file protein_13.txt (compact mmCIF, C-alpha atoms and all ligand atoms)
# COMPACT_ATOMS: atom_id res chain seq x y z
CA MET A 23 24.74 -46.12 -115.24
CA ALA A 24 27.42 -47.32 -117.70
CA GLU A 25 28.88 -44.64 -119.91
CA LEU A 26 27.62 -44.47 -123.47
CA GLN A 27 30.23 -45.26 -126.11
CA TYR A 28 30.23 -43.44 -129.43
CA PRO A 29 29.19 -45.82 -132.20
CA MET A 30 32.30 -47.19 -133.91
CA PRO A 31 32.56 -46.83 -136.86
CA PRO A 32 30.62 -43.56 -136.64
CA LEU A 33 27.02 -43.60 -137.87
CA ALA A 34 27.06 -42.25 -141.41
CA ASP A 35 25.39 -42.36 -144.79
CA THR A 36 25.72 -40.32 -147.97
CA VAL A 37 24.18 -37.22 -146.37
CA VAL A 38 25.56 -37.04 -142.81
CA LEU A 39 28.38 -38.30 -140.61
CA LEU A 40 27.71 -38.31 -136.87
CA ARG A 41 30.93 -37.89 -134.92
CA PRO A 42 32.01 -36.63 -131.47
CA TRP A 43 32.31 -32.87 -131.07
CA ARG A 44 35.90 -31.62 -131.00
CA THR A 45 37.36 -28.54 -129.33
CA GLU A 46 38.25 -27.15 -132.75
CA ASP A 47 34.54 -27.24 -133.67
CA VAL A 48 33.75 -24.41 -131.19
CA PRO A 49 33.95 -21.56 -133.75
CA GLY A 50 31.86 -23.53 -136.28
CA LYS A 51 29.26 -24.46 -133.69
CA LEU A 52 29.19 -20.89 -132.42
CA MET A 53 28.51 -19.53 -135.89
CA ALA A 54 25.92 -22.16 -136.82
CA PHE A 55 24.11 -22.12 -133.47
CA GLY A 56 23.91 -18.32 -133.55
CA ASP A 57 21.53 -18.55 -136.52
CA PRO A 58 18.18 -16.83 -135.76
CA LEU A 59 16.07 -19.97 -136.37
CA VAL A 60 18.24 -22.07 -134.06
CA GLN A 61 18.11 -19.30 -131.46
CA GLN A 62 14.32 -19.11 -131.82
CA PHE A 63 13.62 -22.81 -131.39
CA ALA A 64 16.62 -24.48 -129.79
CA TRP A 65 18.11 -21.93 -127.38
CA SER A 66 15.96 -21.53 -124.30
CA ARG A 67 17.70 -18.51 -122.77
CA THR A 68 17.16 -14.82 -123.52
CA THR A 69 20.88 -14.05 -123.62
CA ALA A 70 22.82 -14.45 -126.88
CA TYR A 71 24.77 -17.67 -127.42
CA THR A 72 28.48 -17.18 -126.66
CA GLU A 73 31.73 -19.06 -127.04
CA ALA A 74 31.58 -19.86 -123.32
CA ASP A 75 28.15 -21.47 -123.88
CA ALA A 76 29.58 -23.61 -126.68
CA ARG A 77 32.48 -24.73 -124.48
CA ASP A 78 30.23 -25.35 -121.44
CA TYR A 79 27.92 -27.43 -123.63
CA PHE A 80 30.76 -29.75 -124.69
CA VAL A 81 31.76 -30.26 -121.05
CA GLU A 82 28.15 -30.87 -119.90
CA GLN A 83 27.51 -33.31 -122.72
CA GLU A 84 30.69 -35.25 -121.99
CA THR A 85 29.68 -35.51 -118.31
CA ALA A 86 26.23 -36.77 -119.35
CA ARG A 87 27.78 -39.29 -121.77
CA ARG A 88 30.06 -40.65 -119.03
CA ALA A 89 27.07 -40.96 -116.71
CA GLY A 90 25.20 -42.90 -119.41
CA HIS A 91 22.48 -40.25 -119.84
CA ALA A 92 23.27 -38.75 -123.24
CA LEU A 93 25.09 -39.16 -126.51
CA THR A 94 25.67 -35.90 -128.33
CA VAL A 95 27.16 -35.73 -131.80
CA ALA A 96 28.24 -33.22 -134.38
CA VAL A 97 26.41 -33.65 -137.67
CA ALA A 98 29.24 -33.36 -140.17
CA ASP A 99 29.54 -33.51 -143.94
CA PRO A 100 30.51 -37.10 -144.87
CA ARG A 101 32.77 -35.74 -147.65
CA ASP A 102 34.60 -33.43 -145.24
CA GLU A 103 34.09 -34.24 -141.60
CA ALA A 104 35.55 -30.89 -140.47
CA THR A 105 32.46 -29.17 -141.92
CA ILE A 106 29.71 -28.91 -139.33
CA LEU A 107 26.14 -29.19 -140.65
CA GLY A 108 24.55 -29.17 -137.20
CA GLY A 109 24.20 -31.16 -134.01
CA ALA A 110 22.05 -33.87 -132.48
CA SER A 111 21.68 -35.78 -129.28
CA LEU A 112 20.03 -38.65 -127.59
CA TYR A 113 19.23 -37.31 -124.15
CA ASP A 114 17.48 -38.49 -120.97
CA VAL A 115 18.69 -41.96 -121.89
CA ASP A 116 17.36 -44.39 -119.29
CA ARG A 117 18.59 -47.96 -119.72
CA GLU A 118 16.16 -49.27 -117.09
CA THR A 119 12.97 -47.88 -118.56
CA GLU A 120 14.45 -48.19 -122.09
CA ARG A 121 13.45 -44.66 -123.06
CA ALA A 122 15.33 -41.71 -124.56
CA GLY A 123 14.69 -38.31 -126.11
CA ILE A 124 16.12 -37.10 -129.41
CA GLY A 125 16.96 -33.55 -130.51
CA TYR A 126 18.67 -31.85 -133.47
CA TRP A 127 19.45 -28.55 -135.18
CA LEU A 128 21.04 -27.56 -138.48
CA ALA A 129 23.07 -24.63 -139.75
CA PRO A 130 21.02 -22.61 -142.27
CA GLU A 131 23.09 -23.70 -145.28
CA ALA A 132 22.59 -27.38 -144.35
CA ARG A 133 18.79 -27.27 -144.39
CA GLY A 134 16.46 -28.54 -147.09
CA ARG A 135 18.40 -31.64 -148.10
CA GLY A 136 17.39 -34.19 -145.50
CA ALA A 137 20.34 -33.87 -143.11
CA ALA A 138 18.10 -33.74 -140.01
CA THR A 139 15.93 -36.60 -141.26
CA HIS A 140 18.98 -38.76 -142.01
CA THR A 141 20.48 -37.90 -138.61
CA VAL A 142 17.33 -38.89 -136.74
CA ARG A 143 17.07 -42.15 -138.70
CA LEU A 144 20.67 -43.10 -137.91
CA LEU A 145 20.58 -42.07 -134.25
CA ALA A 146 17.15 -43.53 -133.50
CA GLY A 147 18.01 -46.76 -135.33
CA TRP A 148 21.16 -47.06 -133.24
CA ALA A 149 19.24 -46.33 -130.02
CA PHE A 150 16.90 -49.22 -130.79
CA SER A 151 19.51 -51.71 -132.00
CA ALA A 152 22.54 -50.93 -129.82
CA LEU A 153 20.93 -49.55 -126.66
CA GLY A 154 17.73 -51.59 -126.71
CA MET A 155 15.51 -48.52 -126.35
CA LYS A 156 11.78 -49.20 -126.60
CA ARG A 157 10.51 -45.64 -126.83
CA ILE A 158 12.09 -42.49 -128.26
CA THR A 159 10.45 -39.14 -127.72
CA LEU A 160 10.86 -35.97 -129.76
CA THR A 161 9.48 -32.69 -128.46
CA CYS A 162 9.35 -29.29 -130.08
CA GLY A 163 7.53 -25.99 -130.00
CA PRO A 164 3.98 -26.08 -131.47
CA ASP A 165 5.06 -23.52 -134.09
CA ASN A 166 8.17 -25.44 -135.16
CA ASP A 167 6.75 -26.82 -138.41
CA ALA A 168 10.09 -27.88 -139.94
CA SER A 169 10.94 -29.95 -136.89
CA GLN A 170 7.50 -31.58 -136.89
CA ARG A 171 7.99 -32.51 -140.55
CA VAL A 172 11.28 -34.22 -139.62
CA ALA A 173 9.41 -36.21 -136.97
CA GLY A 174 6.69 -37.21 -139.43
CA ARG A 175 9.15 -38.24 -142.14
CA CYS A 176 10.95 -40.54 -139.70
CA GLY A 177 7.73 -42.26 -138.59
CA PHE A 178 7.18 -40.57 -135.22
CA VAL A 179 3.58 -40.48 -133.99
CA ARG A 180 2.21 -37.21 -132.60
CA GLU A 181 0.86 -37.85 -129.11
CA GLY A 182 -0.31 -34.41 -128.06
CA VAL A 183 0.62 -31.15 -126.42
CA LEU A 184 2.33 -30.82 -123.06
CA ARG A 185 1.08 -27.51 -121.72
CA SER A 186 3.53 -25.03 -120.18
CA ASP A 187 6.18 -27.72 -120.55
CA VAL A 188 9.50 -25.88 -120.62
CA VAL A 189 11.12 -22.72 -119.31
CA PHE A 190 11.80 -20.79 -122.50
CA LYS A 191 12.98 -17.26 -123.30
CA GLY A 192 12.08 -15.98 -119.85
CA GLY A 193 8.61 -17.55 -119.88
CA ARG A 194 7.13 -20.98 -120.41
CA ARG A 195 6.36 -22.82 -123.63
CA ASP A 196 4.07 -25.69 -124.65
CA SER A 197 5.65 -28.71 -126.33
CA VAL A 198 4.30 -31.02 -128.97
CA VAL A 199 5.36 -34.55 -128.12
CA PHE A 200 6.00 -37.31 -130.64
CA SER A 201 7.13 -40.87 -130.01
CA LEU A 202 8.73 -43.64 -132.00
CA LEU A 203 8.59 -47.32 -131.05
CA PRO A 204 10.71 -50.18 -132.44
CA GLY A 205 9.58 -51.10 -135.95
CA GLU A 206 8.11 -47.67 -136.68
CA LEU A 207 11.26 -45.94 -137.98
CA ARG A 208 10.92 -44.88 -141.62
C1 LIG B 1 14.37 -28.45 -137.53
C2 LIG B 1 15.40 -28.38 -138.64
C3 LIG B 1 16.64 -29.17 -138.23
C4 LIG B 1 14.79 -29.00 -139.89
O1 LIG B 1 15.66 -28.78 -140.97
P1 LIG B 1 15.23 -29.27 -142.44
O2 LIG B 1 16.33 -28.93 -143.36
O3 LIG B 1 13.86 -28.78 -142.74
O4 LIG B 1 15.11 -30.86 -142.27
P2 LIG B 1 15.87 -31.96 -143.12
O5 LIG B 1 17.32 -31.75 -143.04
O6 LIG B 1 15.36 -33.27 -142.70
O7 LIG B 1 15.43 -31.62 -144.62
C5 LIG B 1 14.09 -31.83 -144.97
C6 LIG B 1 13.74 -30.95 -146.12
O8 LIG B 1 14.61 -31.22 -147.21
C7 LIG B 1 13.90 -31.87 -148.27
N1 LIG B 1 14.73 -33.00 -148.67
C8 LIG B 1 15.58 -32.98 -149.74
N2 LIG B 1 16.25 -34.15 -149.80
C9 LIG B 1 15.82 -34.92 -148.77
C10 LIG B 1 16.16 -36.23 -148.33
N3 LIG B 1 17.09 -36.98 -148.93
N4 LIG B 1 15.53 -36.72 -147.24
C11 LIG B 1 14.61 -35.99 -146.60
N5 LIG B 1 14.25 -34.74 -146.97
C12 LIG B 1 14.87 -34.20 -148.05
C13 LIG B 1 12.56 -32.29 -147.69
O9 LIG B 1 11.54 -32.25 -148.66
C14 LIG B 1 12.34 -31.27 -146.61
O10 LIG B 1 11.78 -30.08 -147.07
P3 LIG B 1 10.30 -29.65 -146.55
O11 LIG B 1 10.28 -29.74 -145.06
O12 LIG B 1 10.15 -28.27 -147.06
O13 LIG B 1 9.39 -30.65 -147.16
C15 LIG B 1 15.82 -26.90 -138.95
O14 LIG B 1 14.67 -26.18 -139.33
C16 LIG B 1 16.47 -26.21 -137.77
O15 LIG B 1 17.67 -26.33 -137.55
N6 LIG B 1 15.68 -25.43 -136.99
C17 LIG B 1 16.21 -24.72 -135.85
C18 LIG B 1 16.53 -25.65 -134.69
C19 LIG B 1 15.34 -26.50 -134.32
O16 LIG B 1 14.20 -26.08 -134.44
N7 LIG B 1 15.61 -27.71 -133.85
C20 LIG B 1 14.57 -28.63 -133.44
C21 LIG B 1 14.15 -28.31 -132.06
S1 LIG B 1 12.86 -29.45 -131.59

call {"tool": "encode", "arguments": {"input": "protein_13.txt", "output": "structure tokens"}}
result
Amino acid sequence: MAELQYPMPPLADTVVLLRPWRTEDVPGKLMAFGDPLVQQFAWSRTTAYTEADARDYFVEQETARRAGHALTVAVADPRDEATILGGASLYDVDRETERAGIGYWLAPEARGRGAATHTVRLLAGWAFSALGMKRITLTCGPDNDASQRVAGRCGFVREGVLRSDVVFKGGRRDSVVFSLLPGELR
């Protein structure tokens, strides 16, 4: 599948700027992603997140982007794009079935001001308009209330629970699945 190009100019508004990850972001990502809430909900392994994990992630995501399967961005401060607020990605992008998944996380100090909501709006809007996606899914743990509120604010519809859906923290975890169709983004 054709590689996915980063939107140019980068997707941005007054709250977030979505740009490619850079090697110099590794320490910032390491610090932000090591936050207990991120580790609880967005890190599936039992081992602590390390610098090697951050570096491996950049390489994996670049491979997926080149293969046309994913577009992963740093969520940066639009007033200072070196400041990392969090991360987000469109993943499992399938141009044939016109479906993709969306995921996100924020550093603790970036929460509570709509950064995740703005990120999802920008990224999902772009997936519909530029990639022609017809269905975007968002999955999260049943106890991840903040993430479910992001989904609701953006117009996603809760479809149900996928039982024993993912390998997580040495066991398995259910997922709540939401979907967004063209015209539903709020
Ligand atoms: C999920 C997560 C990104 C949500 O962060 P968040 O700060 O609650 O979400 P937003 O950035 O959209 O901010 C929304 C909050 O800011 C408030 N807010 C302030 N200004 C806002 C604005 N302009 N637009 C939207 N919300 C705004 C909202 O009222 C909301 O607060 P509430 O949920 O208490 O009502 C965060 O909890 C996180 O990083 N968790 C760990 C990783 C994770 O779980 N990732 C998802 C895996 S599925």

call {"tool": "residues_around", "arguments": {"input": "protein_13.txt", "residues": "segment 44-60 of chain A", "least_positions_apart": "5", "cutoff": "9 Å", "atoms": "all atoms listed in the file", "output": "list in words"}}
result
Trp65, Ala70, Tyr71, Thr72, Glu73, Asp75, Ala76, Arg77, Phe80, Ala96, Ala104, Thr105, Ile106, Leu107, Gly108, Gly109, Trp127, Leu128, Ala129 and Pro130 of chain A

call {"tool": "residues_around", "arguments": {"input": "protein_13.txt", "residues": "Arg88 of chain A", "least_positions_apart": "2", "cutoff": "8 Å", "atoms": "all atoms listed in the file", "output": "PyMOL selection string"}}
result
chain A and resi 24-26+84-86+90-91

call {"tool": "closest_atom_pairs", "arguments": {"input": "protein_13.txt", "of": "chain A", "to": "ligand LIG 1 (chain B)", "cutoff": "6 Å", "atoms": "all atoms listed in the file", "output": "JSON lines"}}
result
{"residue": "A:Leu59", "atom": "CA", "partner": "B:LIG1", "partner_atom": "C17", "distance": 4.8}
{"residue": "A:Val60", "atom": "CA", "partner": "B:LIG1", "partner_atom": "C17", "distance": 3.8}
{"residue": "A:Phe63", "atom": "CA", "partner": "B:LIG1", "partner_atom": "O16", "distance": 4.5}
{"residue": "A:Ala64", "atom": "CA", "partner": "B:LIG1", "partner_atom": "C18", "distance": 5.0}
{"residue": "A:Gly125", "atom": "CA", "partner": "B:LIG1", "partner_atom": "S1", "distance": 5.9}
{"residue": "A:Tyr126", "atom": "CA", "partner": "B:LIG1", "partner_atom": "N7", "distance": 5.2}
{"residue": "A:Trp127", "atom": "CA", "partner": "B:LIG1", "partner_atom": "O15", "distance": 3.7}
{"residue": "A:Leu128", "atom": "CA", "partner": "B:LIG1", "partner_atom": "O15", "distance": 3.7}
{"residue": "A:Arg133", "atom": "CA", "partner": "B:LIG1", "partner_atom": "O2", "distance": 3.1}
{"residue": "A:Gly134", "atom": "CA", "partner": "B:LIG1", "partner_atom": "O8", "distance": 3.3}
{"residue": "A:Arg135", "atom": "CA", "partner": "B:LIG1", "partner_atom": "C8", "distance": 3.5}
{"residue": "A:Gly136", "atom": "CA", "partner": "B:LIG1", "partner_atom": "O7", "distance": 3.3}
{"residue": "A:Ala137", "atom": "CA", "partner": "B:LIG1", "partner_atom": "O5", "distance": 3.7}
{"residue": "A:Ala138", "atom": "CA", "partner": "B:LIG1", "partner_atom": "O5", "distance": 3.7}
{"residue": "A:Thr139", "atom": "CA", "partner": "B:LIG1", "partner_atom": "O6", "distance": 3.7}
{"residue": "A:Thr161", "atom": "CA", "partner": "B:LIG1", "partner_atom": "S1", "distance": 5.6}
{"residue": "A:Cys162", "atom": "CA", "partner": "B:LIG1", "partner_atom": "S1", "distance": 3.8}
{"residue": "A:Ala168", "atom": "CA", "partner": "B:LIG1", "partner_atom": "O3", "distance": 4.8}
{"residue": "A:Ser169", "atom": "CA", "partner": "B:LIG1", "partner_atom": "C1", "distance": 3.8}
{"residue": "A:Arg171", "atom": "CA", "partner": "B:LIG1", "partner_atom": "O11", "distance": 5.8}
{"residue": "A:Val172", "atom": "CA", "partner": "B:LIG1", "partner_atom": "O6", "distance": 5.2}

call {"tool": "atom_distance", "arguments": {"input": "protein_13.txt", "atom1": "atom CA of Val142 of chain A", "atom2": "atom CA of Asp78 of chain A"}}
result
24.2 Å

call {"tool": "atom_distance", "arguments": {"input": "protein_13.txt", "atom1": "atom CA of Thr94 of chain A", "atom2": "atom CA of Tyr28 of chain A"}}
result
8.9 Å

call {"tool": "residues_around", "arguments": {"input": "protein_13.txt", "residues": "Ala146 of chain A", "least_positions_apart": "3", "cutoff": "12 Å", "atoms": "all atoms listed in the file", "output": "ChimeraX atom specification"}}
result
/A:33,93,110-113,115,121-126,138-143,149-160,173,176-178,201-208

call {"tool": "atom_distance", "arguments": {"input": "protein_13.txt", "atom1": "atom CA of Gly174 of chain A", "atom2": "atom CA of Leu144 of chain A"}}
result
15.2 Å

call {"tool": "axis_aligned_box", "arguments": {"input": "protein_13.txt", "around": "segment 92-98 of chain A", "padding_each_side": "8 Å", "output": "JSON"}}
result
{"center_x": 26.3, "center_y": -36.2, "center_z": -131.7, "size_x": 22.0, "size_y": 21.9, "size_z": 32.9}

call {"tool": "closest_residue", "arguments": {"input": "protein_13.txt", "among": "A:Met23, A:Arg41, A:Pro164, A:Glu131", "to": "Asp114 of chain A", "atoms": "only C-alpha atoms"}}
result
A:Met23

call {"tool": "decode", "arguments": {"input": "protein_13.txt", "residues": "segment 43-83 of chain A", "atoms": "N, CA and C atoms", "output": "PDB file, in the first residue's frame"}}
result
ATOM      1  N   TRP A  43       7.281  12.801  14.886  1.00  0.00           N
ATOM      2  CA  TRP A  43       8.217  12.645  16.004  1.00  0.00           C
ATOM      3  C   TRP A  43       9.628  12.872  15.508  1.00  0.00           C
ATOM      4  N   ARG A  44      10.490  13.406  16.354  1.00  0.00           N
ATOM      5  CA  ARG A  44      11.893  13.621  16.009  1.00  0.00           C
ATOM      6  C   ARG A  44      12.765  12.884  17.018  1.00  0.00           C
ATOM      7  N   THR A  45      13.979  12.532  16.605  1.00  0.00           N
ATOM      8  CA  THR A  45      14.876  11.803  17.504  1.00  0.00           C
ATOM      9  C   THR A  45      15.073  12.582  18.804  1.00  0.00           C
ATOM     10  N   GLU A  46      15.138  13.903  18.700  1.00  0.00           N
ATOM     11  CA  GLU A  46      15.377  14.696  19.916  1.00  0.00           C
ATOM     12  C   GLU A  46      14.182  14.710  20.862  1.00  0.00           C
ATOM     13  N   ASP A  47      13.041  14.137  20.422  1.00  0.00           N
ATOM     14  CA  ASP A  47      11.872  14.053  21.303  1.00  0.00           C
ATOM     15  C   ASP A  47      11.958  12.869  22.265  1.00  0.00           C
ATOM     16  N   VAL A  48      12.935  11.963  22.057  1.00  0.00           N
ATOM     17  CA  VAL A  48      12.987  10.735  22.874  1.00  0.00           C
ATOM     18  C   VAL A  48      12.943  11.031  24.377  1.00  0.00           C
ATOM     19  N   PRO A  49      13.782  11.929  24.902  1.00  0.00           N
ATOM     20  CA  PRO A  49      13.712  12.156  26.365  1.00  0.00           C
ATOM     21  C   PRO A  49      12.339  12.675  26.804  1.00  0.00           C
ATOM     22  N   GLY A  50      11.754  13.579  26.030  1.00  0.00           N
ATOM     23  CA  GLY A  50      10.431  14.126  26.366  1.00  0.00           C
ATOM     24  C   GLY A  50       9.370  13.052  26.326  1.00  0.00           C
ATOM     25  N   LYS A  51       9.431  12.198  25.314  1.00  0.00           N
ATOM     26  CA  LYS A  51       8.424  11.136  25.199  1.00  0.00           C
ATOM     27  C   LYS A  51       8.592  10.141  26.347  1.00  0.00           C
ATOM     28  N   LEU A  52       9.857   9.859  26.659  1.00  0.00           N
ATOM     29  CA  LEU A  52      10.171   8.918  27.728  1.00  0.00           C
ATOM     30  C   LEU A  52       9.570   9.392  29.050  1.00  0.00           C
ATOM     31  N   MET A  53       9.760  10.681  29.322  1.00  0.00           N
ATOM     32  CA  MET A  53       9.275  11.240  30.577  1.00  0.00           C
ATOM     33  C   MET A  53       7.742  11.244  30.616  1.00  0.00           C
ATOM     34  N   ALA A  54       7.144  11.710  29.513  1.00  0.00           N
ATOM     35  CA  ALA A  54       5.688  11.830  29.470  1.00  0.00           C
ATOM     36  C   ALA A  54       5.022  10.456  29.472  1.00  0.00           C
ATOM     37  N   PHE A  55       5.587   9.521  28.719  1.00  0.00           N
ATOM     38  CA  PHE A  55       4.957   8.204  28.578  1.00  0.00           C
ATOM     39  C   PHE A  55       5.155   7.351  29.840  1.00  0.00           C
ATOM     40  N   GLY A  56       6.112   7.752  30.672  1.00  0.00           N
ATOM     41  CA  GLY A  56       6.349   7.033  31.921  1.00  0.00           C
ATOM     42  C   GLY A  56       5.339   7.374  32.994  1.00  0.00           C
ATOM     43  N   ASP A  57       4.472   8.336  32.737  1.00  0.00           N
ATOM     44  CA  ASP A  57       3.439   8.732  33.692  1.00  0.00           C
ATOM     45  C   ASP A  57       2.557   7.530  34.064  1.00  0.00           C
ATOM     46  N   PRO A  58       2.201   7.399  35.354  1.00  0.00           N
ATOM     47  CA  PRO A  58       1.428   6.230  35.796  1.00  0.00           C
ATOM     48  C   PRO A  58       0.118   5.986  35.031  1.00  0.00           C
ATOM     49  N   LEU A  59      -0.605   7.075  34.685  1.00  0.00           N
ATOM     50  CA  LEU A  59      -1.884   6.883  33.977  1.00  0.00           C
ATOM     51  C   LEU A  59      -1.656   6.358  32.556  1.00  0.00           C
ATOM     52  N   VAL A  60      -0.616   6.871  31.904  1.00  0.00           N
ATOM     53  CA  VAL A  60      -0.296   6.382  30.561  1.00  0.00           C
ATOM     54  C   VAL A  60       0.114   4.915  30.654  1.00  0.00           C
ATOM     55  N   GLN A  61       0.950   4.612  31.655  1.00  0.00           N
ATOM     56  CA  GLN A  61       1.397   3.230  31.844  1.00  0.00           C
ATOM     57  C   GLN A  61       0.208   2.306  32.130  1.00  0.00           C
ATOM     58  N   GLN A  62      -0.747   2.817  32.890  1.00  0.00           N
ATOM     59  CA  GLN A  62      -1.921   1.994  33.248  1.00  0.00           C
ATOM     60  C   GLN A  62      -2.794   1.663  32.040  1.00  0.00           C
ATOM     61  N   PHE A  63      -2.989   2.663  31.176  1.00  0.00           N
ATOM     62  CA  PHE A  63      -3.966   2.472  30.099  1.00  0.00           C
ATOM     63  C   PHE A  63      -3.374   2.280  28.712  1.00  0.00           C
ATOM     64  N   ALA A  64      -2.151   2.775  28.491  1.00  0.00           N
ATOM     65  CA  ALA A  64      -1.653   2.785  27.115  1.00  0.00           C
ATOM     66  C   ALA A  64      -0.380   1.967  26.910  1.00  0.00           C
ATOM     67  N   TRP A  65       0.107   1.315  27.957  1.00  0.00           N
ATOM     68  CA  TRP A  65       1.323   0.501  27.831  1.00  0.00           C
ATOM     69  C   TRP A  65       0.947  -0.914  28.204  1.00  0.00           C
ATOM     70  N   SER A  66       0.941  -1.812  27.222  1.00  0.00           N
ATOM     71  CA  SER A  66       0.371  -3.138  27.455  1.00  0.00           C
ATOM     72  C   SER A  66       1.300  -4.094  28.199  1.00  0.00           C
ATOM     73  N   ARG A  67       2.602  -3.739  28.271  1.00  0.00           N
ATOM     74  CA  ARG A  67       3.541  -4.702  28.885  1.00  0.00           C
ATOM     75  C   ARG A  67       3.621  -4.515  30.404  1.00  0.00           C
ATOM     76  N   THR A  68       4.256  -5.488  31.059  1.00  0.00           N
ATOM     77  CA  THR A  68       4.429  -5.392  32.510  1.00  0.00           C
ATOM     78  C   THR A  68       5.748  -4.712  32.857  1.00  0.00           C
ATOM     79  N   THR A  69       6.677  -4.712  31.891  1.00  0.00           N
ATOM     80  CA  THR A  69       7.974  -4.076  32.153  1.00  0.00           C
ATOM     81  C   THR A  69       7.855  -2.559  32.009  1.00  0.00           C
ATOM     82  N   ALA A  70       8.726  -1.832  32.716  1.00  0.00           N
ATOM     83  CA  ALA A  70       8.687  -0.364  32.654  1.00  0.00           C
ATOM     84  C   ALA A  70       9.122   0.118  31.268  1.00  0.00           C
ATOM     85  N   TYR A  71       8.591   1.248  30.878  1.00  0.00           N
ATOM     86  CA  TYR A  71       8.905   1.860  29.586  1.00  0.00           C
ATOM     87  C   TYR A  71      10.333   2.432  29.621  1.00  0.00           C
ATOM     88  N   THR A  72      11.136   2.073  28.613  1.00  0.00           N
ATOM     89  CA  THR A  72      12.540   2.513  28.611  1.00  0.00           C
ATOM     90  C   THR A  72      12.856   3.360  27.383  1.00  0.00           C
ATOM     91  N   GLU A  73      14.052   3.931  27.385  1.00  0.00           N
ATOM     92  CA  GLU A  73      14.497   4.705  26.231  1.00  0.00           C
ATOM     93  C   GLU A  73      14.526   3.832  24.970  1.00  0.00           C
ATOM     94  N   ALA A  74      14.926   2.574  25.139  1.00  0.00           N
ATOM     95  CA  ALA A  74      14.961   1.658  23.984  1.00  0.00           C
ATOM     96  C   ALA A  74      13.549   1.471  23.421  1.00  0.00           C
ATOM     97  N   ASP A  75      12.541   1.414  24.310  1.00  0.00           N
ATOM     98  CA  ASP A  75      11.151   1.282  23.835  1.00  0.00           C
ATOM     99  C   ASP A  75      10.749   2.505  23.027  1.00  0.00           C
ATOM    100  N   ALA A  76      11.143   3.689  23.519  1.00  0.00           N
ATOM    101  CA  ALA A  76      10.801   4.929  22.804  1.00  0.00           C
ATOM    102  C   ALA A  76      11.454   4.930  21.422  1.00  0.00           C
ATOM    103  N   ARG A  77      12.709   4.525  21.366  1.00  0.00           N
ATOM    104  CA  ARG A  77      13.415   4.505  20.067  1.00  0.00           C
ATOM    105  C   ARG A  77      12.820   3.452  19.135  1.00  0.00           C
ATOM    106  N   ASP A  78      12.541   2.252  19.679  1.00  0.00           N
ATOM    107  CA  ASP A  78      11.947   1.178  18.864  1.00  0.00           C
ATOM    108  C   ASP A  78      10.610   1.625  18.283  1.00  0.00           C
ATOM    109  N   TYR A  79       9.833   2.345  19.115  1.00  0.00           N
ATOM    110  CA  TYR A  79       8.510   2.807  18.695  1.00  0.00           C
ATOM    111  C   TYR A  79       8.628   3.712  17.466  1.00  0.00           C
ATOM    112  N   PHE A  80       9.589   4.638  17.501  1.00  0.00           N
ATOM    113  CA  PHE A  80       9.766   5.549  16.357  1.00  0.00           C
ATOM    114  C   PHE A  80      10.078   4.757  15.093  1.00  0.00           C
ATOM    115  N   VAL A  81      10.944   3.749  15.228  1.00  0.00           N
ATOM    116  CA  VAL A  81      11.324   2.946  14.059  1.00  0.00           C
ATOM    117  C   VAL A  81      10.124   2.150  13.539  1.00  0.00           C
ATOM    118  N   GLU A  82       9.392   1.511  14.482  1.00  0.00           N
ATOM    119  CA  GLU A  82       8.209   0.716  14.077  1.00  0.00           C
ATOM    120  C   GLU A  82       7.167   1.586  13.385  1.00  0.00           C
ATOM    121  N   GLN A  83       6.943   2.769  13.947  1.00  0.00           N
ATOM    122  CA  GLN A  83       5.922   3.650  13.388  1.00  0.00           C
ATOM    123  C   GLN A  83       6.314   4.164  12.015  1.00  0.00           C
TER     124      GLN A  83
END
